[in-house]
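*Asks:* My file is target.pdb. It has PDB, C-alpha atoms:
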ATOM      1  CA  MET A 162     -59.769 -18.278 -31.100
ATOM      2  CA  TYR A 163     -59.229 -21.487 -33.060
ATOM      3  CA  SER A 164     -56.076 -21.738 -35.166
ATOM      4  CA  PRO A 165     -55.229 -24.533 -37.596
ATOM      5  CA  LEU A 166     -51.544 -23.955 -36.778
ATOM      6  CA  THR A 167     -51.192 -26.824 -34.359
ATOM      7  CA  LEU A 168     -47.882 -28.069 -33.015
ATOM      8  CA  ASP A 169     -48.282 -31.205 -35.111
ATOM      9  CA  ALA A 170     -48.788 -29.162 -38.273
ATOM     10  CA  LEU A 171     -45.698 -27.071 -37.503
ATOM     11  CA  ARG A 172     -43.653 -30.210 -36.938
ATOM     12  CA  VAL A 173     -44.778 -31.551 -40.313
ATOM     13  CA  LEU A 174     -43.755 -28.329 -42.082
ATOM     14  CA  ASP A 175     -40.409 -28.381 -40.289
ATOM     15  CA  ALA A 176     -39.736 -31.991 -41.277
ATOM     16  CA  ILE A 177     -40.606 -31.371 -44.956
ATOM     17  CA  ASP A 178     -38.263 -28.378 -45.099
ATOM     18  CA  ARG A 179     -35.404 -30.184 -43.347
ATOM     19  CA  LYS A 180     -35.730 -33.447 -45.301
ATOM     20  CA  GLY A 181     -36.557 -31.926 -48.678
ATOM     21  CA  SER A 182     -39.661 -33.954 -49.560
ATOM     22  CA  PHE A 183     -42.990 -35.171 -48.245
ATOM     23  CA  ALA A 184     -41.812 -38.786 -48.414
ATOM     24  CA  ALA A 185     -38.613 -38.119 -46.460
ATOM     25  CA  ALA A 186     -40.590 -36.146 -43.868
ATOM     26  CA  ALA A 187     -42.968 -39.095 -43.521
ATOM     27  CA  ASP A 188     -40.027 -41.417 -42.808
ATOM     28  CA  ALA A 189     -38.598 -38.981 -40.247
ATOM     29  CA  LEU A 190     -41.948 -38.695 -38.459
ATOM     30  CA  PHE A 191     -42.751 -42.425 -38.765
ATOM     31  CA  ARG A 192     -45.882 -41.776 -40.825
ATOM     32  CA  VAL A 193     -47.138 -42.687 -44.265
ATOM     33  CA  PRO A 194     -46.714 -40.049 -47.026
ATOM     34  CA  SER A 195     -50.473 -39.695 -47.428
ATOM     35  CA  ALA A 196     -50.772 -38.541 -43.795
ATOM     36  CA  ILE A 197     -48.174 -35.826 -44.418
ATOM     37  CA  SER A 198     -49.962 -34.685 -47.592
ATOM     38  CA  TYR A 199     -53.307 -34.626 -45.785
ATOM     39  CA  THR A 200     -51.907 -32.495 -42.923
ATOM     40  CA  VAL A 201     -50.442 -29.930 -45.330
ATOM     41  CA  THR A 202     -53.516 -29.787 -47.588
ATOM     42  CA  LYS A 203     -55.865 -29.394 -44.617
ATOM     43  CA  LEU A 204     -53.667 -26.625 -43.171
ATOM     44  CA  GLU A 205     -53.599 -24.771 -46.495
ATOM     45  CA  GLU A 206     -57.379 -25.025 -46.835
ATOM     46  CA  GLU A 207     -58.045 -23.722 -43.341
ATOM     47  CA  LEU A 208     -55.530 -20.885 -43.672
ATOM     48  CA  GLY A 209     -56.667 -20.064 -47.215
ATOM     49  CA  VAL A 210     -53.079 -19.827 -48.479
ATOM     50  CA  ALA A 211     -50.654 -22.015 -50.423
ATOM     51  CA  LEU A 212     -47.722 -23.096 -48.273
ATOM     52  CA  PHE A 213     -45.858 -25.116 -50.916
ATOM     53  CA  ASP A 214     -45.161 -24.468 -54.588
ATOM     54  CA  ARG A 215     -46.419 -27.640 -56.277
ATOM     55  CA  SER A 216     -45.229 -26.630 -59.741
ATOM     56  CA  ARG A 217     -41.768 -27.947 -58.916
ATOM     57  CA  ARG A 218     -40.589 -31.517 -58.428
ATOM     58  CA  LYS A 219     -39.018 -30.722 -55.041
ATOM     59  CA  ALA A 220     -41.203 -29.493 -52.195
ATOM     60  CA  GLU A 221     -40.475 -25.781 -51.882
ATOM     61  CA  LEU A 222     -42.148 -23.379 -49.502
ATOM     62  CA  THR A 223     -43.913 -20.308 -50.822
ATOM     63  CA  PRO A 224     -42.970 -16.970 -49.219
ATOM     64  CA  VAL A 225     -46.018 -17.306 -46.958
ATOM     65  CA  GLY A 226     -45.054 -20.878 -46.150
ATOM     66  CA  ARG A 227     -41.519 -19.771 -45.272
ATOM     67  CA  LEU A 228     -42.938 -17.094 -42.947
ATOM     68  CA  VAL A 229     -45.193 -19.623 -41.218
ATOM     69  CA  LEU A 230     -42.344 -22.090 -40.798
ATOM     70  CA  GLU A 231     -39.772 -19.593 -39.495
ATOM     71  CA  GLN A 232     -42.170 -18.190 -36.921
ATOM     72  CA  GLY A 233     -43.456 -21.658 -36.138
ATOM     73  CA  ARG A 234     -39.962 -22.853 -35.314
ATOM     74  CA  HIS A 235     -39.807 -20.242 -32.561
ATOM     75  CA  ILE A 236     -42.988 -21.778 -31.161
ATOM     76  CA  LEU A 237     -41.593 -25.301 -31.380
ATOM     77  CA  THR A 238     -38.404 -24.236 -29.616
ATOM     78  CA  ALA A 239     -40.396 -22.505 -26.872
ATOM     79  CA  VAL A 240     -42.555 -25.595 -26.372
ATOM     80  CA  GLU A 241     -39.487 -27.823 -26.123
ATOM     81  CA  GLU A 242     -37.945 -25.455 -23.588
ATOM     82  CA  LEU A 243     -41.156 -25.317 -21.562
ATOM     83  CA  THR A 244     -41.329 -29.112 -21.578
ATOM     84  CA  ARG A 245     -37.746 -29.325 -20.362
ATOM     85  CA  MET A 246     -38.397 -26.767 -17.625
ATOM     86  CA  ALA A 247     -41.503 -28.625 -16.446
ATOM     87  CA  LYS A 248     -39.586 -31.903 -16.239
ATOM     88  CA  ALA A 249     -36.663 -30.229 -14.447
ATOM     89  CA  ALA A 250     -39.013 -28.551 -11.959
ATOM     90  CA  ALA A 251     -40.708 -31.860 -11.265
ATOM     91  CA  ASP A 252     -37.266 -33.301 -10.564
ATOM     92  CA  GLY A 253     -36.431 -30.509  -8.102
ATOM     93  CA  TRP A 254     -34.404 -28.154 -10.334
ATOM     94  CA  GLU A 255     -35.432 -24.518 -10.057
ATOM     95  CA  ALA A 256     -36.460 -22.570 -13.144
ATOM     96  CA  GLU A 257     -34.451 -19.618 -11.738
ATOM     97  CA  LEU A 258     -31.780 -19.191  -9.073
ATOM     98  CA  ARG A 259     -30.879 -15.700  -7.824
ATOM     99  CA  ILE A 260     -27.330 -15.282  -6.548
ATOM    100  CA  ALA A 261     -26.190 -12.091  -4.808
ATOM    101  CA  VAL A 262     -22.448 -11.419  -4.910
ATOM    102  CA  ASP A 263     -21.175  -8.951  -2.353
ATOM    103  CA  SER A 264     -19.127  -6.118  -3.781
ATOM    104  CA  VAL A 265     -16.195  -7.007  -1.517
ATOM    105  CA  LEU A 266     -15.464 -10.003  -3.751
ATOM    106  CA  ALA A 267     -14.128 -10.080  -7.285
ATOM    107  CA  VAL A 268     -16.741 -11.813  -9.418
ATOM    108  CA  GLU A 269     -14.375 -13.982 -11.537
ATOM    109  CA  PRO A 270     -14.527 -17.056  -9.219
ATOM    110  CA  VAL A 271     -18.326 -16.922  -9.428
ATOM    111  CA  TYR A 272     -18.073 -16.980 -13.219
ATOM    112  CA  ASP A 273     -15.904 -20.090 -12.911
ATOM    113  CA  LEU A 274     -18.652 -21.762 -10.893
ATOM    114  CA  LEU A 275     -21.272 -20.725 -13.436
ATOM    115  CA  ALA A 276     -19.173 -22.199 -16.244
ATOM    116  CA  GLU A 277     -18.932 -25.502 -14.353
ATOM    117  CA  PHE A 278     -22.701 -25.438 -13.788
ATOM    118  CA  GLN A 279     -23.319 -24.967 -17.513
ATOM    119  CA  ARG A 280     -20.841 -27.663 -18.512
ATOM    120  CA  ALA A 281     -22.768 -30.073 -16.305
ATOM    121  CA  GLY A 282     -25.799 -29.465 -18.524
ATOM    122  CA  HIS A 283     -27.977 -27.762 -15.931
ATOM    123  CA  ARG A 284     -30.399 -25.301 -17.505
ATOM    124  CA  THR A 285     -31.639 -23.367 -14.474
ATOM    125  CA  GLU A 286     -31.622 -19.657 -15.284
ATOM    126  CA  ILE A 287     -29.094 -17.870 -13.063
ATOM    127  CA  ARG A 288     -29.728 -14.278 -12.097
ATOM    128  CA  LEU A 289     -26.731 -12.433 -10.595
ATOM    129  CA  LEU A 290     -27.242  -9.469  -8.281
ATOM    130  CA  ASP A 291     -24.706  -6.972  -6.934
ATOM    131  CA  GLU A 292     -25.088  -6.150  -3.247
ATOM    132  CA  VAL A 293     -23.013  -4.137  -0.795
ATOM    133  CA  LEU A 294     -22.380  -4.737   2.943
ATOM    134  CA  GLY A 295     -25.706  -5.164   4.738
ATOM    135  CA  GLY A 296     -27.451  -5.316   1.379
ATOM    136  CA  SER A 297     -26.335  -8.921   0.943
ATOM    137  CA  TRP A 298     -28.063  -9.971   4.150
ATOM    138  CA  ASP A 299     -30.991  -7.721   3.306
ATOM    139  CA  ALA A 300     -31.449  -9.375  -0.099
ATOM    140  CA  LEU A 301     -31.459 -12.815   1.492
ATOM    141  CA  SER A 302     -33.761 -11.771   4.322
ATOM    142  CA  ALA A 303     -36.253 -10.148   1.935
ATOM    143  CA  LYS A 304     -35.963 -13.135  -0.449
ATOM    144  CA  ARG A 305     -34.684 -11.018  -3.340
ATOM    145  CA  CYS A 306     -32.058 -13.716  -3.725
ATOM    146  CA  ASP A 307     -31.645 -17.394  -2.891
ATOM    147  CA  LEU A 308     -27.915 -17.434  -2.210
ATOM    148  CA  VAL A 309     -25.360 -14.851  -1.081
ATOM    149  CA  ILE A 310     -21.651 -15.151  -1.801
ATOM    150  CA  GLY A 311     -19.328 -12.958   0.260
ATOM    151  CA  ALA A 312     -21.766 -11.605   2.845
ATOM    152  CA  VAL A 313     -19.755  -9.423   5.258
ATOM    153  CA  GLY A 314     -19.938  -9.803   9.033
ATOM    154  CA  GLU A 315     -22.471 -11.632  11.139
ATOM    155  CA  PRO A 316     -26.017 -12.452   9.971
ATOM    156  CA  PRO A 317     -28.622  -9.975  11.250
ATOM    157  CA  SER A 318     -30.715 -12.748  12.803
ATOM    158  CA  SER A 319     -31.009 -16.503  13.104
ATOM    159  CA  GLY A 320     -32.623 -18.557  10.388
ATOM    160  CA  PHE A 321     -29.815 -18.449   7.833
ATOM    161  CA  ALA A 322     -27.525 -21.300   6.897
ATOM    162  CA  CYS A 323     -23.953 -20.028   6.615
ATOM    163  CA  HIS A 324     -20.584 -21.308   5.496
ATOM    164  CA  VAL A 325     -17.595 -19.176   6.454
ATOM    165  CA  LEU A 326     -15.301 -18.511   3.488
ATOM    166  CA  GLY A 327     -12.581 -16.641   5.372
ATOM    167  CA  GLU A 328     -11.608 -13.166   6.556
ATOM    168  CA  VAL A 329     -10.863 -10.143   4.403
ATOM    169  CA  ASP A 330      -8.030  -7.818   5.395
ATOM    170  CA  PHE A 331      -8.803  -4.164   4.681
ATOM    171  CA  VAL A 332      -6.019  -1.619   4.253
ATOM    172  CA  PHE A 333      -6.256   2.148   4.335
ATOM    173  CA  ALA A 334      -5.179   3.414   0.924
ATOM    174  CA  ALA A 335      -4.707   6.701  -0.901
ATOM    175  CA  ALA A 336      -3.537   7.769  -4.334
ATOM    176  CA  ALA A 337       0.224   8.064  -4.717
ATOM    177  CA  ALA A 338       0.096  11.852  -4.899
ATOM    178  CA  HIS A 339      -2.249  12.299  -1.929
ATOM    179  CA  PRO A 340      -0.955  14.714   0.777
ATOM    180  CA  LEU A 341      -1.402  12.090   3.511
ATOM    181  CA  ASN A 342       1.493  10.127   2.017
ATOM    182  CA  ALA A 343       3.841  12.931   3.077
ATOM    183  CA  LEU A 344       3.059  12.399   6.776
ATOM    184  CA  PRO A 345       5.263  10.094   8.865
ATOM    185  CA  PRO A 346       3.576   6.828   9.942
ATOM    186  CA  PRO A 347       1.487   6.082  11.804
ATOM    187  CA  VAL A 348      -0.887   8.708  10.408
ATOM    188  CA  PRO A 349      -3.276   9.998  13.099
ATOM    189  CA  VAL A 350      -6.986   9.579  12.413
ATOM    190  CA  GLN A 351      -7.432  13.324  13.034
ATOM    191  CA  ALA A 352      -5.230  14.039   9.993
ATOM    192  CA  VAL A 353      -7.311  11.673   7.841
ATOM    193  CA  GLN A 354     -10.506  13.452   8.829
ATOM    194  CA  ALA A 355      -9.299  16.591   7.078
ATOM    195  CA  TYR A 356      -9.720  14.920   3.681
ATOM    196  CA  PRO A 357     -12.677  13.463   1.738
ATOM    197  CA  THR A 358     -13.372   9.762   2.178
ATOM    198  CA  VAL A 359     -14.814   7.410  -0.439
ATOM    199  CA  VAL A 360     -17.707   5.315   0.833
ATOM    200  CA  VAL A 361     -19.520   2.390  -0.775
ATOM    201  CA  ALA A 362     -23.262   2.847  -0.303
ATOM    202  CA  ASP A 363     -24.872  -0.005   1.614
ATOM    203  CA  SER A 364     -27.525  -1.550  -0.655
ATOM    204  CA  SER A 365     -29.899  -2.502   2.182
ATOM    205  CA  ARG A 366     -33.550  -1.693   1.647
ATOM    206  CA  TYR A 367     -35.011  -2.864   4.940
ATOM    207  CA  LEU A 368     -32.231  -3.879   7.335
ATOM    208  CA  PRO A 369     -30.057  -1.215   9.033
ATOM    209  CA  SER A 370     -27.118  -0.091   6.901
ATOM    210  CA  ARG A 371     -23.619  -1.331   7.692
ATOM    211  CA  SER A 372     -20.188   0.180   7.186
ATOM    212  CA  VAL A 373     -16.589  -1.038   7.189
ATOM    213  CA  GLY A 374     -13.835   1.168   8.604
ATOM    214  CA  LEU A 375     -15.825   4.362   8.240
ATOM    215  CA  LEU A 376     -13.818   7.485   9.100
ATOM    216  CA  ASP A 377     -15.703  10.767   9.339
ATOM    217  CA  GLY A 378     -13.823  12.943   6.936
ATOM    218  CA  ARG A 379     -14.548  16.488   5.941
ATOM    219  CA  SER A 380     -16.709  15.246   3.068
ATOM    220  CA  ARG A 381     -17.717  11.968   1.477
ATOM    221  CA  LEU A 382     -17.913  10.618  -2.025
ATOM    222  CA  VAL A 383     -20.535   7.859  -2.059
ATOM    223  CA  VAL A 384     -20.181   5.244  -4.799
ATOM    224  CA  PRO A 385     -22.280   2.156  -5.646
ATOM    225  CA  SER A 386     -19.630  -0.585  -5.663
ATOM    226  CA  MET A 387     -16.167  -1.589  -4.532
ATOM    227  CA  ASP A 388     -14.898  -1.304  -8.102
ATOM    228  CA  ARG A 389     -15.995   2.339  -8.213
ATOM    229  CA  LYS A 390     -14.456   2.976  -4.794
ATOM    230  CA  ILE A 391     -11.094   1.578  -5.893
ATOM    231  CA  GLU A 392     -11.109   3.728  -9.018
ATOM    232  CA  ALA A 393     -12.187   6.864  -7.138
ATOM    233  CA  GLN A 394      -9.361   6.454  -4.644
ATOM    234  CA  ARG A 395      -6.891   5.721  -7.419
ATOM    235  CA  GLN A 396      -7.963   8.988  -9.040
ATOM    236  CA  GLY A 397      -7.250  10.827  -5.767
ATOM    237  CA  LEU A 398     -10.887  11.731  -5.107
ATOM    238  CA  GLY A 399     -10.717  10.486  -1.531
ATOM    239  CA  VAL A 400      -9.233   7.944   0.840
ATOM    240  CA  GLY A 401     -10.563   4.929   2.702
ATOM    241  CA  TYR A 402     -10.323   1.241   3.516
ATOM    242  CA  LEU A 403     -10.094  -1.230   0.631
ATOM    243  CA  PRO A 404      -9.813  -5.052   0.526
ATOM    244  CA  ALA A 405      -6.070  -5.665   0.286
ATOM    245  CA  TYR A 406      -6.370  -8.452  -2.293
ATOM    246  CA  ARG A 407      -8.510  -6.297  -4.608
ATOM    247  CA  ILE A 408      -5.787  -3.655  -5.040
ATOM    248  CA  ARG A 409      -2.686  -5.786  -5.616
ATOM    249  CA  HIS A 410      -2.166  -4.368  -9.107
ATOM    250  CA  GLU A 411      -2.689  -0.761  -7.984
ATOM    251  CA  LEU A 412      -0.189  -1.240  -5.173
ATOM    252  CA  ALA A 413       2.281  -2.864  -7.550
ATOM    253  CA  ASP A 414       2.098  -0.068 -10.119
ATOM    254  CA  GLY A 415       2.207   2.609  -7.416
ATOM    255  CA  SER A 416      -1.132   4.235  -8.229
ATOM    256  CA  LEU A 417      -2.304   3.442  -4.671
ATOM    257  CA  LYS A 418      -0.292   3.386  -1.466
ATOM    258  CA  ILE A 419      -1.109   1.886   1.910
ATOM    259  CA  LEU A 420      -1.166   4.309   4.831
ATOM    260  CA  ALA A 421      -0.389   3.020   8.297
ATOM    261  CA  LEU A 422      -2.886   4.558  10.752
ATOM    262  CA  ASP A 423      -2.712   4.823  14.504
ATOM    263  CA  SER A 424      -5.749   2.530  14.762
ATOM    264  CA  PRO A 425      -6.160  -1.273  14.904
ATOM    265  CA  PRO A 426      -6.036  -3.317  11.655
ATOM    266  CA  LEU A 427      -9.399  -3.968  10.033
ATOM    267  CA  ARG A 428     -10.515  -7.496   9.225
ATOM    268  CA  GLN A 429     -14.019  -8.759   8.352
ATOM    269  CA  ARG A 430     -15.415 -12.263   8.104
ATOM    270  CA  ILE A 431     -17.202 -13.184   4.887
ATOM    271  CA  CYS A 432     -19.450 -16.154   4.236
ATOM    272  CA  THR A 433     -21.904 -17.670   1.825
ATOM    273  CA  ALA A 434     -25.466 -17.889   3.139
ATOM    274  CA  TRP A 435     -28.848 -19.277   2.127
ATOM    275  CA  HIS A 436     -32.243 -20.242   3.545
ATOM    276  CA  PRO A 437     -31.946 -23.802   4.935
ATOM    277  CA  ALA A 438     -35.574 -24.560   4.017
ATOM    278  CA  ASN A 439     -34.758 -24.098   0.330
ATOM    279  CA  ASP A 440     -33.994 -27.585  -0.990
ATOM    280  CA  GLY A 441     -33.813 -26.739  -4.692
ATOM    281  CA  LYS A 442     -31.217 -28.791  -6.524
ATOM    282  CA  ALA A 443     -29.564 -25.823  -8.222
ATOM    283  CA  LEU A 444     -29.109 -24.068  -4.883
ATOM    284  CA  GLN A 445     -27.708 -27.225  -3.315
ATOM    285  CA  TRP A 446     -25.326 -27.637  -6.248
ATOM    286  CA  PHE A 447     -23.815 -24.195  -5.627
ATOM    287  CA  VAL A 448     -23.784 -24.630  -1.843
ATOM    288  CA  GLU A 449     -21.885 -27.912  -2.078
ATOM    289  CA  ARG A 450     -19.291 -26.412  -4.363
ATOM    290  CA  LEU A 451     -18.889 -23.247  -2.299
ATOM    291  CA  LYS A 452     -18.199 -25.406   0.745
ATOM    292  CA  ARG A 453     -15.056 -26.459  -1.113
ATOM    293  CA  TYR A 454     -13.963 -22.840  -1.553
ATOM    294  CA  VAL A 455     -11.910 -20.686   0.770
ATOM    295  CA  PHE A 456     -10.955 -17.033   0.805
ATOM    296  CA  ASP A 457      -7.383 -15.943   1.332
ATOM    297  CA  ASN A 458      -5.952 -12.460   1.110
ATOM    298  CA  GLU A 459      -3.394 -13.386  -1.504
ATOM    299  CA  HIS A 460      -5.610 -14.924  -4.187
ATOM    300  CA  GLY A 461      -9.164 -14.171  -3.100
ATOM    301  CA  LEU A 462     -11.905 -16.769  -3.355
ATOM    302  CA  GLN A 463     -10.590 -20.063  -4.716
ATOM    303  CA  PRO A 464     -11.109 -23.829  -4.479
ATOM    304  CA  MET A 465      -9.406 -25.486  -1.531
ATOM    305  CA  ALA A 466      -6.317 -27.469  -2.368
ATOM    306  CA  ALA A 467      -6.981 -31.195  -2.546
ATOM    307  CA  SER A 468      -5.616 -33.016   0.477
TER     308      SER A 468
END
Using structure tokens, write down the structure that the file contains.

*Replies:*
Amino acid sequence: MYSPLTLDALRVLDAIDRKGSFAAAADALFRVPSAISYTVTKLEEELGVALFDRSRRKAELTPVGRLVLEQGRHILTAVEELTRMAKAAADGWEAELRIAVDSVLAVEPVYDLLAEFQRAGHRTEIRLLDEVLGGSWDALSAKRCDLVIGAVGEPPSSGFACHVLGEVDFVFAAAAAHPLNALPPPVPVQAVQAYPTVVVADSSRYLPSRSVGLLDGRSRLVVPSMDRKIEAQRQGLGVGYLPAYRIRHELADGSLKILALDSPPLRQRICTAWHPANDGKALQWFVERLKRYVFDNEHGLQPMAAS
């Protein structure tokens, strides 16, 4: 269907409204005033409506003209954005980058990276995903994401590029009022099994599920994220292993207490991972920065100190 509302016509209307007159719009668009008048008159004739009130000295839009301009500006903005995206894609910058953040990590350092990315003027759309345990590797393997931050343990197969961030210490914790706190340390695993445990559900869809420090208690409360697990244990709904650095405040205020078990300490490697064949510039930007990050159990994920 033919429409007289061309991009050029919309730009002319926009310039007249911004500059206040046909003559000023002509100067802004590097045209003669007669060309501006012709464009507007032709548009009005083809639409069958008056876009400007010509009874006044200053060019003023009619209500219909204002409607056309306001909606037309959305079109102009979309065209400019599409043009920018096409140029960025031609230069190697992805239109979208999907980043999966494993639930073991606090997300604040990732927000810091995103802020730096935006300050640099990059316009790639970033899509953040929450994944848990094997779900991080699963998302990368199934190409639901382009980059994983905080993937726990070893990759399920070869074919991934990985950068080790560090190792997370897990501690066995219970609410301050939990009966297990009354037992002398080390607490036997058999005693723990008499109480409910809180478990974070692995978000894998295709790869086998993983677990960290799973103890077969009498019953389980399954939650979708580490944040929910911390809160459930703080509320006394169960016990289980938690990343030590994620519960510093709860340990400090006494709402959670660490229980010493008669079992070895639990520590898991975490890394950032991506497909090496993906050479998108946005992905490479994040990979290069994450290579300058390290995880420690006091402060979590943070930039390495300059040497």

*Asks:* Mind checking which residues fall within 7 Å of region 455-465 of chain A, counting all atoms listed in the file, ignoring those fewer than 2 positions away in the same chain, and posting them as a PyMOL selection string?

*Replies:* chain A and resi 270+326-330+405-406+453+467

*Asks:* For this structure, which residues satisfy the selection - the PyMOL selection byres ((chain A and resi 229) around 12) - when it is evaluated on the file as given? I want them as a ChimeraX atom specification.

*Replies:* /A:165-167,170-175,178,204-205,208,210-213,222-228,230-237

*Asks:* Select, from A:Val309, A:Val193, A:Ile391, A:Met246, the residue with the minimum atom-to-atom distance to Arg284 (chain A), counting only C-alpha atoms.

*Replies:*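 Answer, going by the shortest atom-to-atom distance: A:Met246.
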
*Asks:* Have a look at CA of Glu292 (chain A) and CA of Leu258 (chain A) and let me know their distance in Å, one decimal.

*Replies:*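 The value is 15.8 Å.
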
*Asks:* Work out how far CA of Ala337 (chain A) is from CA of Gly397 (chain A), in Å to one decimal.

*Replies:*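 Between CA of Gly397 (chain A) and CA of Ala337 (chain A) the gap is 8.0 Å.
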
*Asks:* Specify as a CSV table (one decimal) with C-alpha atoms, in the coordinates of the input each residue included when the PyMOL selection byres ((chain A and resi 447-449) around 12) is applied to this file.

*Replies:*
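The resulting file, result-v1.csv, is reproduced below:
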chain,number,residue,atom,x,y,z
A,258,LEU,CA,-31.8,-19.2,-9.1
A,259,ARG,CA,-30.9,-15.7,-7.8
A,260,ILE,CA,-27.3,-15.3,-6.5
A,271,VAL,CA,-18.3,-16.9,-9.4
A,272,TYR,CA,-18.1,-17.0,-13.2
A,273,ASP,CA,-15.9,-20.1,-12.9
A,274,LEU,CA,-18.7,-21.8,-10.9
A,275,LEU,CA,-21.3,-20.7,-13.4
A,276,ALA,CA,-19.2,-22.2,-16.2
A,277,GLU,CA,-18.9,-25.5,-14.4
A,278,PHE,CA,-22.7,-25.4,-13.8
A,279,GLN,CA,-23.3,-25.0,-17.5
A,283,HIS,CA,-28.0,-27.8,-15.9
A,285,THR,CA,-31.6,-23.4,-14.5
A,287,ILE,CA,-29.1,-17.9,-13.1
A,307,ASP,CA,-31.6,-17.4,-2.9
A,308,LEU,CA,-27.9,-17.4,-2.2
A,309,VAL,CA,-25.4,-14.9,-1.1
A,310,ILE,CA,-21.7,-15.2,-1.8
A,322,ALA,CA,-27.5,-21.3,6.9
A,323,CYS,CA,-24.0,-20.0,6.6
A,324,HIS,CA,-20.6,-21.3,5.5
A,325,VAL,CA,-17.6,-19.2,6.5
A,326,LEU,CA,-15.3,-18.5,3.5
A,432,CYS,CA,-19.4,-16.2,4.2
A,433,THR,CA,-21.9,-17.7,1.8
A,434,ALA,CA,-25.5,-17.9,3.1
A,435,TRP,CA,-28.8,-19.3,2.1
A,436,HIS,CA,-32.2,-20.2,3.5
A,437,PRO,CA,-31.9,-23.8,4.9
A,439,ASN,CA,-34.8,-24.1,0.3
A,440,ASP,CA,-34.0,-27.6,-1.0
A,441,GLY,CA,-33.8,-26.7,-4.7
A,442,LYS,CA,-31.2,-28.8,-6.5
A,443,ALA,CA,-29.6,-25.8,-8.2
A,444,LEU,CA,-29.1,-24.1,-4.9
A,445,GLN,CA,-27.7,-27.2,-3.3
A,446,TRP,CA,-25.3,-27.6,-6.2
A,450,ARG,CA,-19.3,-26.4,-4.4
A,451,LEU,CA,-18.9,-23.2,-2.3
A,452,LYS,CA,-18.2,-25.4,0.7
A,453,ARG,CA,-15.1,-26.5,-1.1
A,454,TYR,CA,-14.0,-22.8,-1.6
A,464,PRO,CA,-11.1,-23.8,-4.5

*Asks:* With the PyMOL selection byres ((chain A and resi 334-336) around 10) as the selection, what would be picked from this file? Answer as a count of residues only, please.

*Replies:* 35

*Asks:* For all heavy atoms, please extract region 435-439 of chain A from the block and return it as a short mmCIF file (atom, residue, chain, number, x, y, z; two decimals), in the first residue's frame.

*Replies:*
data_model
loop_
_atom_site.label_atom_id
_atom_site.label_comp_id
_atom_site.auth_asym_id
_atom_site.auth_seq_id
_atom_site.Cartn_x
_atom_site.Cartn_y
_atom_site.Cartn_z
N TRP A 435 32.71 -19.32 27.24
CA TRP A 435 32.07 -18.86 26.01
C TRP A 435 32.48 -19.81 24.88
O TRP A 435 33.35 -20.67 25.03
CB TRP A 435 32.49 -17.42 25.70
CG TRP A 435 33.97 -17.25 25.43
CD1 TRP A 435 34.61 -17.19 24.24
CD2 TRP A 435 35.01 -17.13 26.43
NE1 TRP A 435 35.96 -17.05 24.41
CE2 TRP A 435 36.23 -17.00 25.73
CE3 TRP A 435 35.00 -17.11 27.83
CZ2 TRP A 435 37.45 -16.86 26.40
CZ3 TRP A 435 36.22 -16.97 28.49
CH2 TRP A 435 37.42 -16.84 27.79
N HIS A 436 31.82 -19.66 23.73
CA HIS A 436 32.18 -20.44 22.55
C HIS A 436 33.34 -19.74 21.83
O HIS A 436 33.20 -18.57 21.43
CB HIS A 436 30.99 -20.58 21.60
CG HIS A 436 29.89 -21.44 22.13
ND1 HIS A 436 29.98 -22.81 22.17
CD2 HIS A 436 28.68 -21.12 22.63
CE1 HIS A 436 28.87 -23.30 22.68
NE2 HIS A 436 28.07 -22.31 22.97
N PRO A 437 34.48 -20.40 21.67
CA PRO A 437 35.64 -19.74 21.06
C PRO A 437 35.40 -19.30 19.62
O PRO A 437 36.07 -18.39 19.13
CB PRO A 437 36.74 -20.80 21.15
CG PRO A 437 36.02 -22.10 21.29
CD PRO A 437 34.77 -21.80 22.05
N ALA A 438 34.44 -19.92 18.93
CA ALA A 438 34.18 -19.55 17.54
C ALA A 438 33.43 -18.23 17.43
O ALA A 438 33.36 -17.63 16.35
CB ALA A 438 33.39 -20.66 16.83
N ASN A 439 32.86 -17.77 18.53
CA ASN A 439 32.11 -16.52 18.53
C ASN A 439 33.09 -15.36 18.63
O ASN A 439 33.74 -15.16 19.65
CB ASN A 439 31.13 -16.49 19.71
CG ASN A 439 30.20 -15.28 19.68
OD1 ASN A 439 30.49 -14.29 19.03
ND2 ASN A 439 29.09 -15.39 20.38
#
